[in-house]
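Colleague: Contents of input28.tsv (TSV, C-alpha atoms (C1' of nucleotides)) are below:
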chain	number	residue	atom	x	y	z
A	957	MET	CA	22.04	12.54	-11.93
A	958	GLU	CA	18.65	12.65	-10.44
A	959	ASP	CA	20.26	13.49	-7.14
A	960	ARG	CA	22.06	16.43	-8.59
A	961	ALA	CA	18.85	17.68	-10.05
A	962	SER	CA	17.15	17.77	-6.69
A	963	PRO	CA	16.99	21.35	-5.42
A	964	ARG	CA	17.11	20.07	-1.85
A	965	LEU	CA	20.47	18.48	-2.36
A	966	LEU	CA	21.89	21.39	-4.29
A	967	ASP	CA	20.87	23.53	-1.38
A	968	ALA	CA	22.69	21.22	0.95
A	969	GLU	CA	25.78	21.25	-1.23
A	970	ARG	CA	25.84	25.02	-1.27
A	971	LEU	CA	25.33	25.19	2.48
A	972	ILE	CA	28.13	22.76	3.13
A	973	GLN	CA	30.43	24.65	0.80
A	974	ALA	CA	29.62	27.79	2.75
A	975	ARG	CA	30.37	26.09	6.06
A	976	LEU	CA	33.63	24.80	4.67
A	977	GLY	CA	34.66	28.26	3.62
A	978	GLY	CA	36.27	27.24	0.37
A	979	ARG	CA	37.97	24.09	1.54
A	980	PRO	CA	37.51	21.21	-0.91
A	981	LEU	CA	34.49	18.94	-0.72
A	982	ASP	CA	34.20	15.53	-2.35
A	983	PHE	CA	30.48	15.64	-2.92
A	984	ASP	CA	30.23	12.58	-5.15
A	985	SER	CA	31.89	10.34	-2.58
A	986	MET	CA	29.77	11.85	0.17
A	987	LEU	CA	26.59	11.14	-1.70
A	988	ALA	CA	27.63	7.60	-2.61
A	989	VAL	CA	28.57	6.73	0.97
A	990	SER	CA	25.56	8.31	2.59
A	991	ASN	CA	23.22	6.61	0.14
A	992	ILE	CA	24.81	3.27	0.92
A	993	TYR	CA	24.00	3.80	4.56
A	994	ARG	CA	20.51	5.10	3.95
A	995	ALA	CA	19.68	2.24	1.61
A	996	ALA	CA	20.90	-0.32	4.13
A	997	THR	CA	18.77	1.23	6.86
A	998	ALA	CA	15.72	1.36	4.62
A	999	VAL	CA	16.17	-2.22	3.50
A	1000	ARG	CA	16.72	-3.49	7.00
A	1001	ARG	CA	13.75	-1.68	8.44
A	1002	ARG	CA	11.47	-2.81	5.70
A	1003	ALA	CA	12.51	-6.43	6.10
A	1004	GLU	CA	12.30	-6.39	9.88
A	1005	ARG	CA	8.89	-4.79	9.92
A	1006	GLY	CA	7.46	-6.64	6.97
A	1007	VAL	CA	8.63	-10.20	7.52
A	1008	LEU	CA	11.11	-10.79	10.30
A	1009	ALA	CA	9.07	-9.36	13.16
A	1010	GLN	CA	6.37	-11.98	12.64
A	1011	PHE	CA	8.96	-14.66	13.27
A	1012	GLY	CA	10.55	-12.88	16.22
A	1013	LEU	CA	13.79	-12.32	14.36
A	1014	SER	CA	16.10	-9.36	13.87
A	1015	TRP	CA	18.20	-8.89	10.75
A	1016	GLY	CA	21.21	-10.36	12.54
A	1017	GLY	CA	19.19	-13.28	13.83
A	1018	PHE	CA	17.86	-14.00	10.37
A	1019	THR	CA	21.32	-13.83	8.85
A	1020	THR	CA	22.63	-16.28	11.40
A	1021	LEU	CA	19.79	-18.71	10.80
A	1022	TRP	CA	20.29	-18.41	7.07
A	1023	VAL	CA	24.04	-19.07	7.24
A	1024	LEU	CA	23.46	-22.14	9.39
A	1025	TRP	CA	20.83	-23.35	6.97
A	1026	VAL	CA	23.09	-23.01	3.96
A	1027	TRP	CA	26.36	-24.13	5.47
A	1028	GLY	CA	25.24	-26.41	8.29
A	1029	GLU	CA	26.60	-26.69	11.81
A	1030	MET	CA	29.49	-24.27	12.32
A	1031	ARG	CA	32.03	-23.22	14.89
A	1032	THR	CA	31.29	-19.93	16.60
A	1033	ALA	CA	34.24	-18.08	15.11
A	1034	ASP	CA	33.43	-19.09	11.53
A	1035	LEU	CA	29.80	-18.25	12.03
A	1036	ALA	CA	30.69	-14.77	13.28
A	1037	GLU	CA	32.94	-14.24	10.29
A	1038	GLU	CA	30.31	-15.43	7.85
A	1039	CYS	CA	27.61	-13.27	9.46
A	1040	ASP	CA	29.96	-10.27	9.48
A	1041	LEU	CA	29.62	-9.82	13.24
A	1042	SER	CA	32.12	-9.63	16.05
A	1043	LYS	CA	32.30	-12.79	18.10
A	1044	ALA	CA	31.00	-10.88	21.10
A	1045	THR	CA	27.90	-9.84	19.18
A	1046	LEU	CA	27.42	-13.34	17.86
A	1047	THR	CA	27.41	-14.73	21.38
A	1048	GLY	CA	24.46	-12.47	22.12
A	1049	VAL	CA	22.59	-13.25	18.92
A	1050	VAL	CA	23.00	-16.99	19.45
A	1051	LYS	CA	21.78	-16.57	23.01
A	1052	THR	CA	18.59	-14.95	21.72
A	1053	LEU	CA	18.13	-17.59	19.03
A	1054	GLU	CA	18.60	-20.29	21.66
A	1055	LYS	CA	15.96	-18.65	23.82
A	1056	ARG	CA	13.57	-18.75	20.87
A	1057	GLY	CA	14.44	-22.40	20.29
A	1058	PHE	CA	15.87	-21.92	16.80
A	1059	VAL	CA	19.44	-23.08	17.38
A	1060	GLU	CA	21.47	-25.08	19.86
A	1061	ARG	CA	25.03	-24.95	21.09
A	1062	ARG	CA	27.15	-28.08	21.05
A	1063	GLN	CA	30.36	-28.61	22.92
A	1064	VAL	CA	33.14	-29.98	20.73
A	1065	GLU	CA	34.60	-33.14	22.31
A	1066	SER	CA	38.03	-32.99	20.72
A	1067	ASP	CA	38.66	-29.39	21.79
A	1068	ARG	CA	36.66	-28.28	24.75
A	1069	ARG	CA	37.26	-24.58	24.14
A	1070	ARG	CA	35.20	-24.84	21.02
A	1071	VAL	CA	31.47	-24.67	20.55
A	1072	THR	CA	29.42	-25.27	17.45
A	1073	VAL	CA	25.99	-23.91	16.66
A	1074	ALA	CA	23.34	-25.82	14.71
A	1075	LEU	CA	19.72	-25.35	13.71
A	1076	THR	CA	17.08	-27.14	15.73
A	1077	GLY	CA	14.09	-28.71	14.04
A	1078	ALA	CA	12.08	-25.58	14.77
A	1079	GLY	CA	14.88	-23.42	13.39
A	1080	LEU	CA	15.01	-25.43	10.18
A	1081	ASP	CA	11.27	-25.28	9.80
A	1082	THR	CA	11.29	-21.54	10.39
A	1083	ILE	CA	14.02	-20.68	7.90
A	1084	GLU	CA	12.45	-22.90	5.25
A	1085	ARG	CA	9.16	-21.08	5.55
A	1086	LEU	CA	10.75	-17.68	6.06
A	1087	PHE	CA	13.40	-17.54	3.37
A	1088	PRO	CA	11.11	-17.59	0.34
A	1089	ARG	CA	9.11	-14.73	1.83
A	1090	PHE	CA	12.28	-12.83	2.66
A	1091	ASN	CA	13.59	-13.34	-0.84
A	1092	ARG	CA	10.33	-11.98	-2.28
A	1093	TYR	CA	10.78	-8.93	-0.10
A	1094	GLU	CA	14.29	-8.50	-1.42
A	1095	GLY	CA	12.88	-8.57	-4.90
A	1096	GLU	CA	10.33	-5.92	-4.03
A	1097	MET	CA	12.93	-3.65	-2.53
A	1098	VAL	CA	14.95	-3.59	-5.74
A	1099	ARG	CA	11.93	-3.85	-8.02
A	1100	GLU	CA	12.81	-0.57	-9.71
A	1101	LEU	CA	16.06	-2.00	-11.03
A	1102	SER	CA	16.54	-4.20	-14.07
A	1103	THR	CA	18.55	-7.41	-13.80
A	1104	ASP	CA	21.55	-5.66	-15.29
A	1105	GLU	CA	21.23	-2.81	-12.86
A	1106	LYS	CA	20.98	-5.18	-9.91
A	1107	GLN	CA	24.15	-6.88	-11.01
A	1108	ALA	CA	25.88	-3.56	-11.64
A	1109	LEU	CA	24.84	-2.37	-8.19
A	1110	ALA	CA	26.10	-5.54	-6.55
A	1111	GLY	CA	29.38	-5.21	-8.42
A	1112	LEU	CA	29.95	-1.58	-7.49
A	1113	LEU	CA	29.15	-2.34	-3.86
A	1114	ARG	CA	31.50	-5.29	-3.88
A	1115	ARG	CA	34.36	-2.96	-4.78
A	1116	VAL	CA	33.37	-0.60	-1.98
A	1117	ILE	CA	33.24	-3.49	0.50
A	1118	VAL	CA	36.75	-4.53	-0.48
A	1119	ALA	CA	38.16	-0.99	-0.37
A	1120	ALA	CA	36.52	-0.10	2.93
A	1121	GLY	CA	37.47	-3.45	4.44
A	1122	GLN	CA	41.17	-2.73	4.03
A	1123	ALA	CA	41.28	-0.56	7.11
B	744	MET	CA	29.64	-10.17	-12.90
B	745	GLU	CA	32.65	-10.58	-10.78
B	746	ASP	CA	30.42	-11.93	-8.06
B	747	ARG	CA	29.02	-14.56	-10.34
B	748	ALA	CA	32.52	-15.63	-11.22
B	749	SER	CA	33.34	-16.34	-7.59
B	750	PRO	CA	33.28	-20.08	-6.95
B	751	ARG	CA	32.29	-19.40	-3.36
B	752	LEU	CA	29.12	-17.66	-4.37
B	753	LEU	CA	28.23	-20.17	-7.02
B	754	ASP	CA	28.60	-22.78	-4.33
B	755	ALA	CA	26.26	-20.83	-2.12
B	756	GLU	CA	23.75	-20.42	-4.91
B	757	ARG	CA	23.75	-24.13	-5.60
B	758	LEU	CA	23.41	-24.92	-1.92
B	759	ILE	CA	20.50	-22.57	-1.52
B	760	GLN	CA	18.80	-23.99	-4.57
B	761	ALA	CA	19.21	-27.44	-3.05
B	762	ARG	CA	17.72	-26.27	0.26
B	763	LEU	CA	14.83	-24.71	-1.60
B	764	GLY	CA	14.13	-27.93	-3.42
B	765	GLY	CA	13.25	-26.34	-6.72
B	766	ARG	CA	11.31	-23.36	-5.45
B	767	PRO	CA	12.29	-20.16	-7.25
B	768	LEU	CA	15.18	-18.01	-6.01
B	769	ASP	CA	15.78	-14.39	-6.97
B	770	PHE	CA	19.53	-14.49	-6.69
B	771	ASP	CA	20.25	-11.12	-8.28
B	772	SER	CA	18.01	-9.30	-5.83
B	773	MET	CA	19.46	-11.26	-2.95
B	774	LEU	CA	22.99	-10.34	-3.91
B	775	ALA	CA	22.12	-6.69	-4.43
B	776	VAL	CA	20.40	-6.39	-1.07
B	777	SER	CA	23.00	-8.27	0.91
B	778	ASN	CA	25.79	-6.24	-0.65
B	779	ILE	CA	24.02	-3.04	0.30
B	780	TYR	CA	23.99	-4.18	3.88
B	781	ARG	CA	27.56	-5.43	3.87
B	782	ALA	CA	28.84	-2.25	2.28
B	783	ALA	CA	27.04	-0.11	4.85
B	784	THR	CA	28.53	-2.14	7.69
B	785	ALA	CA	32.01	-1.93	6.20
B	786	VAL	CA	31.76	1.79	5.61
B	787	ARG	CA	30.40	2.49	9.06
B	788	ARG	CA	33.01	0.40	10.82
B	789	ARG	CA	35.82	1.96	8.88
B	790	ALA	CA	34.64	5.48	9.63
B	791	GLU	CA	33.99	4.81	13.30
B	792	ARG	CA	37.36	3.19	13.86
B	793	GLY	CA	39.36	5.48	11.64
B	794	VAL	CA	38.01	8.91	12.45
B	795	LEU	CA	34.96	9.08	14.69
B	796	ALA	CA	36.35	7.17	17.66
B	797	GLN	CA	39.03	9.82	18.18
B	798	PHE	CA	36.30	12.38	18.65
B	799	GLY	CA	34.15	10.17	20.85
B	800	LEU	CA	31.41	9.96	18.24
B	801	SER	CA	29.33	7.16	16.78
B	802	TRP	CA	27.99	7.23	13.23
B	803	GLY	CA	24.64	8.44	14.52
B	804	GLY	CA	26.26	11.08	16.69
B	805	PHE	CA	28.31	12.34	13.77
B	806	THR	CA	25.28	12.48	11.51
B	807	THR	CA	23.38	14.50	14.07
B	808	LEU	CA	26.21	16.95	14.52
B	809	TRP	CA	26.56	17.27	10.76
B	810	VAL	CA	22.86	17.94	10.20
B	811	LEU	CA	22.86	20.61	12.90
B	812	TRP	CA	25.94	22.17	11.36
B	813	VAL	CA	24.41	22.36	7.90
B	814	TRP	CA	20.84	23.25	8.81
B	815	GLY	CA	21.25	24.99	12.14
B	816	GLU	CA	19.12	24.73	15.27
B	817	MET	CA	16.26	22.29	14.73
B	818	ARG	CA	13.24	20.85	16.44
B	819	THR	CA	13.68	17.32	17.73
B	820	ALA	CA	11.18	15.75	15.33
B	821	ASP	CA	12.74	17.35	12.24
B	822	LEU	CA	16.19	16.42	13.40
B	823	ALA	CA	15.16	12.78	13.82
B	824	GLU	CA	13.64	12.78	10.36
B	825	GLU	CA	16.71	14.33	8.79
B	826	CYS	CA	19.04	11.92	10.59
B	827	ASP	CA	16.82	8.99	9.61
B	828	LEU	CA	16.36	7.90	13.22
B	829	SER	CA	13.28	7.27	15.33
B	830	LYS	CA	12.55	10.04	17.78
B	831	ALA	CA	13.23	7.63	20.63
B	832	THR	CA	16.70	6.93	19.29
B	833	LEU	CA	17.36	10.59	18.71
B	834	THR	CA	16.57	11.37	22.33
B	835	GLY	CA	19.34	8.98	23.35
B	836	VAL	CA	21.84	10.27	20.81
B	837	VAL	CA	21.23	13.87	21.84
B	838	LYS	CA	21.66	12.86	25.46
B	839	THR	CA	25.08	11.45	24.67
B	840	LEU	CA	26.05	14.50	22.61
B	841	GLU	CA	24.95	16.73	25.48
B	842	LYS	CA	27.07	14.73	27.89
B	843	ARG	CA	30.05	15.29	25.60
B	844	GLY	CA	29.24	18.98	25.43
B	845	PHE	CA	28.61	19.10	21.66
B	846	VAL	CA	24.97	20.18	21.63
B	847	GLU	CA	22.39	21.78	23.88
B	848	ARG	CA	18.64	21.47	24.22
B	849	ARG	CA	16.48	24.57	24.25
B	850	GLN	CA	12.90	24.78	25.42
B	851	VAL	CA	10.61	26.53	22.92
B	852	GLU	CA	8.74	29.34	24.63
B	853	SER	CA	5.75	29.51	22.32
B	854	ASP	CA	4.99	25.79	22.60
B	855	ARG	CA	6.28	24.16	25.70
B	856	ARG	CA	5.99	20.65	24.35
B	857	ARG	CA	8.72	21.43	21.87
B	858	VAL	CA	12.47	21.32	22.25
B	859	THR	CA	15.16	22.42	19.81
B	860	VAL	CA	18.71	21.17	19.60
B	861	ALA	CA	21.68	23.36	18.65
B	862	LEU	CA	25.44	23.02	18.40
B	863	THR	CA	27.53	24.44	21.22
B	864	GLY	CA	30.81	26.22	20.50
B	865	ALA	CA	32.67	23.00	21.17
B	866	GLY	CA	30.31	21.13	18.86
B	867	LEU	CA	30.84	23.64	16.08
B	868	ASP	CA	34.59	23.49	16.52
B	869	THR	CA	34.52	19.71	16.47
B	870	ILE	CA	32.43	19.30	13.34
B	871	GLU	CA	34.50	21.89	11.50
B	872	ARG	CA	37.67	19.99	12.23
B	873	LEU	CA	36.10	16.59	11.81
B	874	PHE	CA	34.12	16.92	8.61
B	875	PRO	CA	37.03	17.43	6.22
B	876	ARG	CA	38.70	14.33	7.64
B	877	PHE	CA	35.48	12.37	7.42
B	878	ASN	CA	34.98	13.45	3.84
B	879	ARG	CA	38.51	12.30	2.97
B	880	TYR	CA	37.64	8.94	4.48
B	881	GLU	CA	34.53	8.77	2.35
B	882	GLY	CA	36.68	9.40	-0.68
B	883	GLU	CA	39.03	6.59	0.32
B	884	MET	CA	36.20	4.15	0.81
B	885	VAL	CA	34.97	4.65	-2.74
B	886	ARG	CA	38.40	5.22	-4.21
B	887	GLU	CA	38.01	2.28	-6.58
B	888	LEU	CA	35.10	3.98	-8.33
B	889	SER	CA	35.27	6.65	-11.00
B	890	THR	CA	33.19	9.80	-10.68
B	891	ASP	CA	30.64	8.37	-13.09
B	892	GLU	CA	30.47	5.15	-11.13
B	893	LYS	CA	29.99	7.00	-7.86
B	894	GLN	CA	27.11	8.92	-9.36
B	895	ALA	CA	25.65	5.79	-10.88
B	896	LEU	CA	25.92	4.01	-7.53
B	897	ALA	CA	24.25	6.90	-5.72
B	898	GLY	CA	21.48	6.95	-8.31
B	899	LEU	CA	20.80	3.21	-8.12
B	900	LEU	CA	20.74	3.36	-4.35
B	901	ARG	CA	18.40	6.31	-4.39
B	902	ARG	CA	15.87	4.21	-6.29
B	903	VAL	CA	16.25	1.41	-3.75
B	904	ILE	CA	15.75	3.86	-0.88
B	905	VAL	CA	12.54	5.12	-2.43
B	906	ALA	CA	11.21	1.64	-3.23
B	907	ALA	CA	12.10	0.19	0.18
B	908	GLY	CA	10.77	3.26	1.95
B	909	GLN	CA	7.25	2.70	0.61
B	910	ALA	CA	6.54	0.08	3.23
C	151	DC	C1'	56.08	-32.87	32.43
C	152	DC	C1'	55.85	-27.79	33.10
C	153	DG	C1'	55.59	-22.83	32.52
C	154	DG	C1'	54.63	-19.46	29.16
C	155	DT	C1'	52.06	-18.44	25.05
C	156	DT	C1'	48.18	-18.73	21.99
C	157	DT	C1'	43.51	-19.76	20.93
C	158	DT	C1'	38.53	-19.63	21.87
C	159	DG	C1'	34.26	-18.15	23.43
C	160	DT	C1'	32.15	-15.45	27.09
C	161	DT	C1'	31.55	-11.51	30.06
C	162	DT	C1'	31.54	-6.60	30.96
C	163	DG	C1'	30.47	-1.93	30.10
C	164	DC	C1'	28.90	1.03	27.00
C	165	DT	C1'	26.18	3.12	23.02
C	166	DA	C1'	22.65	2.65	19.52
C	167	DC	C1'	18.37	1.51	17.95
C	168	DC	C1'	13.37	0.34	17.81
C	169	DG	C1'	8.22	0.08	19.08
C	170	DA	C1'	4.99	0.95	22.40
C	171	DA	C1'	3.36	3.24	26.20
C	172	DC	C1'	3.28	7.50	28.59
C	173	DG	C1'	2.28	12.25	30.37
C	174	DG	C1'	2.26	16.98	29.69
C	175	DA	C1'	0.81	20.61	26.39
C	176	DG	C1'	-1.86	22.50	22.74
C	177	DT	C1'	-6.38	22.53	20.04
C	178	DC	C1'	-10.94	22.51	18.75
C	179	DG	C1'	-15.97	21.61	18.81
C	180	DG	C1'	-19.76	22.54	21.35
D	612	DC	C1'	-14.83	27.00	29.36
D	613	DC	C1'	-14.25	22.02	29.03
D	614	DG	C1'	-13.90	17.41	27.50
D	615	DA	C1'	-12.03	14.70	23.68
D	616	DC	C1'	-8.52	14.47	20.70
D	617	DT	C1'	-4.01	15.29	18.84
D	618	DC	C1'	0.83	16.35	19.09
D	619	DC	C1'	5.48	16.19	21.11
D	620	DG	C1'	9.34	14.40	23.32
D	621	DT	C1'	10.70	11.07	26.87
D	622	DT	C1'	10.74	6.72	29.11
D	623	DC	C1'	10.63	1.72	29.20
D	624	DG	C1'	11.88	-2.81	27.87
D	625	DG	C1'	14.09	-5.20	24.75
D	626	DT	C1'	17.78	-6.62	21.10
D	627	DA	C1'	22.02	-5.52	18.66
D	628	DG	C1'	26.51	-4.10	18.29
D	629	DC	C1'	31.53	-3.20	19.61
D	630	DA	C1'	36.21	-3.30	22.16
D	631	DA	C1'	38.58	-4.84	25.89
D	632	DA	C1'	39.24	-7.85	29.57
D	633	DC	C1'	38.82	-12.51	30.92
D	634	DA	C1'	39.02	-17.65	31.99
D	635	DA	C1'	39.61	-22.01	30.39
D	636	DA	C1'	41.76	-25.12	27.26
D	637	DA	C1'	45.28	-26.41	24.15
D	638	DC	C1'	49.91	-26.07	22.59
D	639	DC	C1'	54.83	-25.98	22.66
D	640	DG	C1'	59.74	-25.43	23.79
D	641	DG	C1'	62.83	-27.06	26.88
Give the structure from this file in structure tokens form.
Modeller:
Amino acid sequence: MEDRASPRLLDAERLIQARLGGRPLDFDSMLAVSNIYRAATAVRRRAERGVLAQFGLSWGGFTTLWVLWVWGEMRTADLAEECDLSKATLTGVVKTLEKRGFVERRQVESDRRRVTVALTGAGLDTIERLFPRFNRYEGEMVRELSTDEKQALAGLLRRVIVAAGQA
Amino acid sequence: MEDRASPRLLDAERLIQARLGGRPLDFDSMLAVSNIYRAATAVRRRAERGVLAQFGLSWGGFTTLWVLWVWGEMRTADLAEECDLSKATLTGVVKTLEKRGFVERRQVESDRRRVTVALTGAGLDTIERLFPRFNRYEGEMVRELSTDEKQALAGLLRRVIVAAGQA
DNA sequence: CCGGTTTTGTTTGCTACCGAACGGAGTCGG
DNA sequence: CCGACTCCGTTCGGTAGCAAACAAAACCGG
């Protein structure tokens, strides 16, 4: 609505149409997808600059800490899945978190291929102090939306996640 | 709605509440924000694997090419702004695009600090062939949503972008 | 047992991304 | 003019992120 009213975007739409030379353009889908990406970037940057940086954490590092806090000690593969990261990336994130003293690796006795990751005391302390502040930030970032709108947004996004996930 | 019905998430909510020991939790905001991030990741991965990889482009590289296509030759700073990237990042992206032969840098005569970036013939050819396919992918990723829902989603996200942007 | 297969996490090689620091180029007051 | 300041893009140092290749461990059929 508001987007369509913006002269800037109408300009863009007309320009793109011109470039496409009459071929069809799904503008609504384009706008939805690009706003998803922009919003994620904005939200991530805001959180990293506003809260996470003070604790020496990236978004991925925070997510990992949070998952371990909620679910407890986990195997690497499950942790990667839950954090929505490849296992290769998770290896790196855990390495950084280890360096900072927030988590520790533990070799599994019964199956020596496996490794679990768990919060250290410092990690637990950090996430307990950090999460309430992070959650307040989340609230601020969606402060313009009513409760219903937040839930509607989450629901719409959930359907996109499912659709896009079926690659 | 649907999210709240999921036993997994209710579990998580209860667990978090327990960890918080009675301190308040803004669950709706949390869910909205985390779904924004998850959706963006899903959408980006799908596009990179499904279309962009074949052209040797990342999401950022594609965005840059697209902006140059729509708006034409641009100064580095404006391009970074339009692509929603730091100027440091843009330098790297442009370097990669140059290596692939998609864009070229041009020194500005009137102010020798400045540099503009423009599509090459190969870059133009690539984006013209690529964009329609990318746009079809965008459509697929939001295929579960009606036109109204896509516009509603874009509008809700726009308000989040604005709110989160005011750091 | 044993050889092939599968599972698991790490390593490798690459790109992306950021903030901060930098150095060359313009600008402006005096 | 010229020194101080500002502006512009790059560089530097770091983390994040992926796919593919890998090594070690477990498993399994014979």
Colleague: Provide the CA of Arg818 in chain B to CA of Phe874 in chain B distance in Å, to one decimal place.
Modeller: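 Going from CA of Arg818 in chain B over to CA of Phe874 in chain B covers 22.6 Å.
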Colleague: With a cut-off of 6 Å and counting all atoms listed in the file, select all residues of chain A in contact with chain B and give the selection as a PyMOL selection string.
Modeller: chain A and resi 985+988+991-993+995-996+998-999+1094-1095+1097-1098+1106+1110+1116-1117+1119-1121
Colleague: Next, write the just-selected residues to a file, as a PDB file, keeping the file's coordinate frame, keeping C-alpha atoms as the atom set.
Modeller:
ATOM      1  CA  SER A 985      31.890  10.340  -2.580  1.00  0.00           C
ATOM      2  CA  ALA A 988      27.630   7.600  -2.610  1.00  0.00           C
ATOM      3  CA  ASN A 991      23.220   6.610   0.140  1.00  0.00           C
ATOM      4  CA  ILE A 992      24.810   3.270   0.920  1.00  0.00           C
ATOM      5  CA  TYR A 993      24.000   3.800   4.560  1.00  0.00           C
ATOM      6  CA  ALA A 995      19.680   2.240   1.610  1.00  0.00           C
ATOM      7  CA  ALA A 996      20.900  -0.320   4.130  1.00  0.00           C
ATOM      8  CA  ALA A 998      15.720   1.360   4.620  1.00  0.00           C
ATOM      9  CA  VAL A 999      16.170  -2.220   3.500  1.00  0.00           C
ATOM     10  CA  GLU A1094      14.290  -8.500  -1.420  1.00  0.00           C
ATOM     11  CA  GLY A1095      12.880  -8.570  -4.900  1.00  0.00           C
ATOM     12  CA  MET A1097      12.930  -3.650  -2.530  1.00  0.00           C
ATOM     13  CA  VAL A1098      14.950  -3.590  -5.740  1.00  0.00           C
ATOM     14  CA  LYS A1106      20.980  -5.180  -9.910  1.00  0.00           C
ATOM     15  CA  ALA A1110      26.100  -5.540  -6.550  1.00  0.00           C
ATOM     16  CA  VAL A1116      33.370  -0.600  -1.980  1.00  0.00           C
ATOM     17  CA  ILE A1117      33.240  -3.490   0.500  1.00  0.00           C
ATOM     18  CA  ALA A1119      38.160  -0.990  -0.370  1.00  0.00           C
ATOM     19  CA  ALA A1120      36.520  -0.100   2.930  1.00  0.00           C
ATOM     20  CA  GLY A1121      37.470  -3.450   4.440  1.00  0.00           C
TER      21      GLY A1121
END
Colleague: Residues within 12 Å of DT617 in chain D, please, as a compact mmCIF listing (two decimals) with C-alpha atoms (C1' of nucleotides), in the coordinates of the input. Count only C-alpha atoms (C1' of nucleotides); anything in the same chain fewer than 4 positions from it doesn't count.
Modeller:
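So the final result, stored in around.txt, reads:
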# COMPACT_ATOMS: atom_id res chain seq x y z
C1' DA C 175 0.81 20.61 26.39
C1' DG C 176 -1.86 22.50 22.74
C1' DT C 177 -6.38 22.53 20.04
C1' DC C 178 -10.94 22.51 18.75
Colleague: Give me the chain D side of the contact with chain A, cut-off 8 Å, one line per residue showing its nearest atom pair and distance in Å at one decimal, counting only C-alpha atoms (C1' of nucleotides), sorted by chain and residue number, as JSON lines.
Modeller:
{"residue": "D:DT626", "atom": "C1'", "partner": "A:Ser1014", "partner_atom": "CA", "distance": 7.9}
{"residue": "D:DA627", "atom": "C1'", "partner": "A:Thr1045", "partner_atom": "CA", "distance": 7.3}
{"residue": "D:DG628", "atom": "C1'", "partner": "A:Thr1045", "partner_atom": "CA", "distance": 6.0}
{"residue": "D:DC629", "atom": "C1'", "partner": "A:Ser1042", "partner_atom": "CA", "distance": 7.4}
{"residue": "D:DA635", "atom": "C1'", "partner": "A:Arg1069", "partner_atom": "CA", "distance": 7.2}
{"residue": "D:DA636", "atom": "C1'", "partner": "A:Arg1069", "partner_atom": "CA", "distance": 5.5}
{"residue": "D:DA637", "atom": "C1'", "partner": "A:Asp1067", "partner_atom": "CA", "distance": 7.6}
Colleague: Within 9 Å of DT160 in chain C, counting all atoms listed in the file, which residues show up once you throw out same-chain ones fewer than 4 positions away? Write them as a PyMOL selection string, please.
Modeller: (chain A and resi 1044+1047) or (chain D and resi 633-634)
Colleague: Work out how far C1' of DA166 in chain C is from CA of Leu1021 in chain A, in Å to one decimal.
Modeller: 23.2 Å
Colleague: What does the structure give for the distance between C1' of DC164 in chain C and C1' of DA631 in chain D, in Å to one decimal?
Modeller: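 The value is 11.4 Å.
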Colleague: Skip Arg1061 in chain A itself and residues of its chain fewer than 5 positions away, then list as a list in words all residues within 7 Å of it, counting only C-alpha atoms (C1' of nucleotides).
Modeller: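 Skipping anything fewer than 5 positions along the chain leaves Val1071, Thr1072, Val1073 and Ala1074 of chain A.
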Colleague: Which is closest to chain A among C:DG180, C:DT158, C:DG153, C:DC172, if we use all atoms listed in the file?
Modeller: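 Counting all atoms listed in the file, the residue closest to chain A is C:DT158.
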Colleague: Taking all atoms of range 868-876 of chain B that the file lists and extending 3 Å past them on each side, where is the centre of the axis-aligned box and how long are its edges? Answer in Å to one decimal, as lines of an AutoDock Vina configuration file.
Modeller:
center_x = 35.6
center_y = 18.9
center_z = 11.4
size_x = 12.3
size_y = 15.2
size_z = 16.3
Colleague: Just need the residues of chain C within 12 Å of chain A, counting all atoms listed in the file, so spit them out as an MDAnalysis selection string.
Modeller: chainID C and resid 157:162 167:169
Colleague: Quick one: residues within 12 Å of DG641 in chain D, only C-alpha atoms (C1' of nucleotides), excluding same-chain residues fewer than 5 positions away - as a list in words?
Modeller: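 Result of the neighbour search: DC151, DC152, DG153 and DG154 of chain C.
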Colleague: Can you sort out range 885-891 of chain B so it carries N, CA and C atoms, written as an mmCIF file, in the coordinates of the input?
Modeller:
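New file rebuild02.cif:
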data_model
loop_
_atom_site.group_PDB
_atom_site.id
_atom_site.type_symbol
_atom_site.label_atom_id
_atom_site.label_comp_id
_atom_site.auth_asym_id
_atom_site.auth_seq_id
_atom_site.Cartn_x
_atom_site.Cartn_y
_atom_site.Cartn_z
ATOM 1 N N VAL B 885 35.479 4.880 -1.379
ATOM 2 C CA VAL B 885 34.970 4.650 -2.740
ATOM 3 C C VAL B 885 36.044 4.959 -3.775
ATOM 4 N N ARG B 886 37.283 4.835 -3.347
ATOM 5 C CA ARG B 886 38.400 5.220 -4.210
ATOM 6 C C ARG B 886 38.489 4.370 -5.474
ATOM 7 N N GLU B 887 37.927 3.165 -5.409
ATOM 8 C CA GLU B 887 38.010 2.280 -6.580
ATOM 9 C C GLU B 887 37.048 2.705 -7.683
ATOM 10 N N LEU B 888 36.114 3.604 -7.347
ATOM 11 C CA LEU B 888 35.100 3.980 -8.330
ATOM 12 C C LEU B 888 35.439 5.313 -9.000
ATOM 13 N N SER B 889 35.122 5.387 -10.296
ATOM 14 C CA SER B 889 35.270 6.650 -11.000
ATOM 15 C C SER B 889 34.139 7.589 -10.602
ATOM 16 N N THR B 890 34.255 8.843 -10.987
ATOM 17 C CA THR B 890 33.190 9.800 -10.680
ATOM 18 C C THR B 890 31.846 9.335 -11.236
ATOM 19 N N ASP B 891 31.869 8.870 -12.476
ATOM 20 C CA ASP B 891 30.640 8.370 -13.090
ATOM 21 C C ASP B 891 30.060 7.203 -12.296
#
